[in-house]
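Asks: The file below is my_file.txt, compact mmCIF, C-alpha atoms and all ligand atoms:
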# COMPACT_ATOMS: atom_id res chain seq x y z
CA MET E 14 0.21 -81.78 48.61
CA ARG E 15 1.80 -82.10 52.06
CA CYS E 16 4.03 -79.24 53.23
CA GLU E 17 6.77 -80.30 55.65
CA GLN E 18 6.96 -76.79 57.11
CA CYS E 19 3.25 -76.62 57.83
CA SER E 20 3.00 -80.36 58.64
CA LYS E 21 -0.25 -80.66 56.74
CA PHE E 22 -1.79 -80.82 53.31
CA VAL E 23 -1.89 -77.40 51.63
CA GLY E 24 -2.83 -75.70 48.39
CA LEU E 25 -0.22 -74.55 45.89
CA GLU E 26 0.33 -71.03 44.57
CA THR E 27 1.97 -70.67 41.17
CA GLN E 28 4.53 -67.87 41.02
CA ASP E 29 5.34 -65.76 37.98
CA PRO E 30 8.02 -67.50 35.90
CA GLU E 31 11.66 -66.40 36.22
CA GLU E 32 13.36 -65.88 32.86
CA SER E 33 16.86 -67.40 32.76
CA ASP E 34 17.82 -66.96 29.12
CA SER E 35 16.36 -65.88 25.79
CA ARG E 36 17.36 -65.92 22.14
CA VAL E 37 16.12 -65.07 18.66
CA GLU E 38 17.38 -66.54 15.40
CA TYR E 39 16.41 -65.97 11.80
CA SER E 40 16.21 -68.87 9.39
CA GLY E 41 14.08 -69.94 6.45
CA GLY E 42 11.81 -66.90 6.35
CA SER E 43 10.96 -66.66 10.03
CA PHE E 44 12.29 -65.73 13.45
CA GLN E 45 12.55 -68.48 16.05
CA VAL E 46 12.30 -67.25 19.62
CA ALA E 47 13.00 -69.21 22.80
CA VAL E 48 12.74 -68.01 26.40
CA ASP E 49 14.13 -70.35 29.06
CA PHE E 50 12.45 -70.09 32.44
CA ARG E 51 11.87 -71.62 35.83
CA SER E 52 8.36 -71.82 37.25
CA VAL E 53 7.82 -72.37 40.98
CA ARG E 54 4.74 -73.44 42.91
CA ASN E 55 4.73 -72.44 46.56
CA CYS E 56 2.85 -73.60 49.63
CA ALA E 57 -0.16 -71.27 49.82
CA GLU E 58 0.28 -70.93 53.58
CA CYS E 59 4.01 -70.54 54.30
CA SER E 60 5.36 -69.81 50.78
CA SER E 61 7.92 -72.64 50.88
CA GLU E 62 8.93 -73.79 47.41
CA MET E 63 7.09 -77.06 46.84
CA LYS E 64 7.47 -77.77 43.11
CA ASP E 65 9.41 -76.39 40.19
CA PHE E 66 9.67 -76.79 36.45
CA GLU E 67 12.36 -75.63 34.02
CA GLY E 68 11.28 -75.20 30.44
CA SER E 69 11.53 -73.17 27.31
CA ALA E 70 8.71 -71.07 25.86
CA GLU E 71 9.01 -71.04 22.08
CA GLY E 72 7.43 -69.37 19.10
CA GLU E 73 7.96 -68.79 15.40
CA PHE E 74 7.22 -65.47 13.70
CA PRO E 75 7.19 -65.02 9.90
CA LEU E 76 9.35 -62.25 8.47
CA GLU E 77 6.28 -60.82 6.68
CA ASP E 78 4.73 -60.04 10.07
CA LEU E 79 7.30 -57.28 10.67
CA ASP E 80 5.53 -54.01 11.26
CA GLY E 81 6.58 -51.94 8.24
CA TRP E 82 7.24 -54.90 5.92
CA THR E 83 4.39 -53.92 3.60
CA ASP E 84 5.91 -50.42 3.25
CA LEU E 85 9.13 -51.87 1.81
CA SER E 86 9.68 -52.17 -1.91
CA GLU E 87 10.29 -55.57 -3.48
CA GLU E 88 13.98 -54.68 -3.69
CA GLN E 89 14.20 -53.67 -0.04
CA ARG E 90 12.49 -56.89 1.03
CA LYS E 91 15.05 -58.93 -0.88
CA GLU E 92 17.91 -56.91 0.59
CA LEU E 93 16.62 -57.27 4.16
CA THR E 94 16.01 -61.01 3.73
CA LYS E 95 19.54 -61.49 2.40
CA ALA E 96 21.05 -59.41 5.23
CA LEU E 97 19.23 -61.53 7.82
CA GLU E 98 20.38 -64.73 6.11
CA ASP E 99 24.04 -63.74 5.95
CA GLY E 100 23.96 -62.23 9.45
CA SER E 101 24.85 -58.66 8.48
CA ILE E 102 21.60 -57.63 10.17
CA GLU E 103 20.87 -59.33 13.48
CA PRO E 104 17.45 -59.29 15.11
CA SER E 105 17.22 -58.24 18.73
CA LEU E 106 14.78 -59.54 21.30
CA GLU E 107 12.99 -57.94 24.21
CA VAL E 108 11.18 -60.14 26.72
CA GLU E 109 8.60 -58.80 29.15
CA CYS E 110 7.52 -60.30 32.47
CA GLY E 111 5.79 -63.60 31.95
CA SER E 112 2.91 -65.31 33.65
CA THR E 113 1.86 -68.88 34.33
CA ASP E 114 -1.80 -69.77 33.99
CA GLU E 115 -3.00 -72.92 35.70
CA SER E 116 -6.55 -72.89 34.41
CA GLY E 117 -5.62 -75.61 31.94
CA GLY E 118 -6.76 -76.40 28.45
CA SER E 119 -9.92 -78.22 27.50
CA ARG E 120 -11.86 -80.58 29.78
CA TYR E 121 -9.75 -83.42 28.42
CA ARG E 122 -6.50 -81.71 29.28
CA LYS E 123 -6.73 -80.84 32.93
CA ASN E 124 -3.87 -79.72 35.13
CA ILE E 125 -1.93 -78.06 32.34
CA LEU E 126 0.12 -75.00 33.28
CA THR E 127 0.69 -72.56 30.44
CA THR E 128 3.60 -70.13 30.72
CA THR E 129 3.50 -67.07 28.47
CA PHE E 130 6.06 -64.34 27.81
CA PRO E 131 5.21 -61.29 25.68
CA ILE E 132 8.11 -60.59 23.31
CA THR E 133 9.17 -58.02 20.74
CA ILE E 134 11.60 -58.76 17.90
CA SER E 135 13.35 -55.72 16.39
CA VAL E 136 15.33 -55.29 13.19
CA GLU E 137 17.16 -52.12 12.17
CA TYR E 138 16.90 -51.64 8.44
CA GLY E 139 17.07 -48.87 5.85
CA HIS E 140 19.42 -46.27 4.48
CA PRO E 141 20.35 -43.52 4.79
CA SER E 142 18.23 -43.44 7.96
CA PRO E 143 17.55 -46.89 9.48
CA LYS E 144 14.11 -47.63 10.80
CA THR E 145 13.18 -50.12 13.49
CA LEU E 146 10.85 -52.83 12.23
CA THR E 147 9.21 -54.92 14.94
CA ILE E 148 7.04 -57.95 15.59
CA SER E 149 5.22 -58.29 18.90
CA GLY E 150 3.71 -61.52 20.10
CA ASP E 151 3.73 -64.24 22.74
CA VAL E 152 5.83 -67.33 23.24
CA GLN E 153 4.34 -70.17 25.25
CA ALA E 154 5.21 -73.41 26.96
CA GLU E 155 2.82 -75.97 28.37
CA ALA E 156 3.59 -78.39 31.17
CA ALA E 157 1.39 -80.89 32.94
CA ALA E 158 1.25 -80.35 36.70
CA SER E 159 2.77 -83.83 37.02
CA GLU E 160 5.87 -82.67 35.12
CA TYR E 161 6.77 -80.33 37.97
CA ASN E 162 9.54 -81.66 40.24
CA GLU E 163 8.71 -82.14 43.90
CA LEU E 164 11.14 -80.18 46.05
CA MET E 165 10.02 -81.54 49.43
ZN ZN W 1 3.73 -74.64 54.09
Please go through the file and, once you have read it, give me the structure as structure tokens.

Replies:
Amino acid sequence: MRCEQCSKFVGLETQDPEESDSRVEYSGGSFQVAVDFRSVRNCAECSSEMKDFEGSAEGEFPLEDLDGWTDLSEEQRKELTKALEDGSIEPSLEVECGSTDESGGSRYRKNILTTTFPITISVEYGHPSPKTLTISGDVQAEAAASEYNELM
């Protein structure tokens, strides 16, 4: 791609994605996670922003995957499920720094950029002393290189 600053054709460098928003919701037996982000590809020589893409990395995580779920009694599982459904217990979400991998998928799917954010979902449950039950995993978004907007 041609860089106006450098006045020549240059390679692109993909930057780490910038998280703009994130959310977790519980419904129908699983947690739905979404992390909104912006991914930028710079000129490899002068670091001017050449292309960008705004997307949302998403993932679904079953309630049963909570670390500690198997230690709960049948009754506790029912109680926790109900509390999540009626909103009296709300899951919280932690998002770590993401990365964008431009190595692509299979040979038939070239020029795919995959953005990944490691996440942890936490739920406080139990009485008299609440415990933190967690699920750790990744949320991902794929974009073709051609879906990136040209900024120059
Ligand atoms: Zn340049």

Asks: Let me have all residues with an atom within 10 Å of ligand ZN 1 (chain W), counting all atoms listed in the file, laid out as a count of residues only.

Replies: 21

Asks: Please identify all polymer residues lying at most 9 Å from the point (5.1, -62.0, 25.9) (file coordinates), using only C-alpha atoms, and present the result as a CSV table (one decimal) with C-alpha atoms, keeping the file's coordinate frame.

Replies:
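Listing of result-v6.csv after writing:
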chain,number,residue,atom,x,y,z
E,108,VAL,CA,11.2,-60.1,26.7
E,109,GLU,CA,8.6,-58.8,29.2
E,110,CYS,CA,7.5,-60.3,32.5
E,111,GLY,CA,5.8,-63.6,32.0
E,112,SER,CA,2.9,-65.3,33.6
E,129,THR,CA,3.5,-67.1,28.5
E,130,PHE,CA,6.1,-64.3,27.8
E,131,PRO,CA,5.2,-61.3,25.7
E,132,ILE,CA,8.1,-60.6,23.3
E,133,THR,CA,9.2,-58.0,20.7
E,149,SER,CA,5.2,-58.3,18.9
E,150,GLY,CA,3.7,-61.5,20.1
E,151,ASP,CA,3.7,-64.2,22.7
E,152,VAL,CA,5.8,-67.3,23.2
E,153,GLN,CA,4.3,-70.2,25.2

Asks: For Val53 in chain E, which residue out of E:Glu73, E:Thr128, E:Glu92, E:Asp65 is the nearest one, using only C-alpha atoms?

Replies: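 Closest to Val53 in chain E of all the choices is E:Asp65.
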
Asks: What gap, in Å, lies between CA of Asp78 in chain E and CA of Ser43 in chain E?

Replies: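 If I compute the distance from CA of Asp78 in chain E to CA of Ser43 in chain E, I get 9.1 Å.
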
Asks: Need to verify the contact set: Ile125 in chain E, 9 Å, all atoms listed in the file, exclusion of same-chain residues closer than 5 positions in sequence. Can you return it as an NGL selection string?

Replies: :E and (114-118 or 155-159)

Asks: Quick one: residues within 12 Å of range 94-99 of chain E, all atoms listed in the file counted, chain neighbours fewer than 2 positions away excluded, as a count of residues only?

Replies: 30

Asks: From the list E:Ser35, E:Asn124, E:Thr147, E:Thr83, which residue is nearest Gly68 in chain E when using all atoms listed in the file?

Replies: E:Ser35
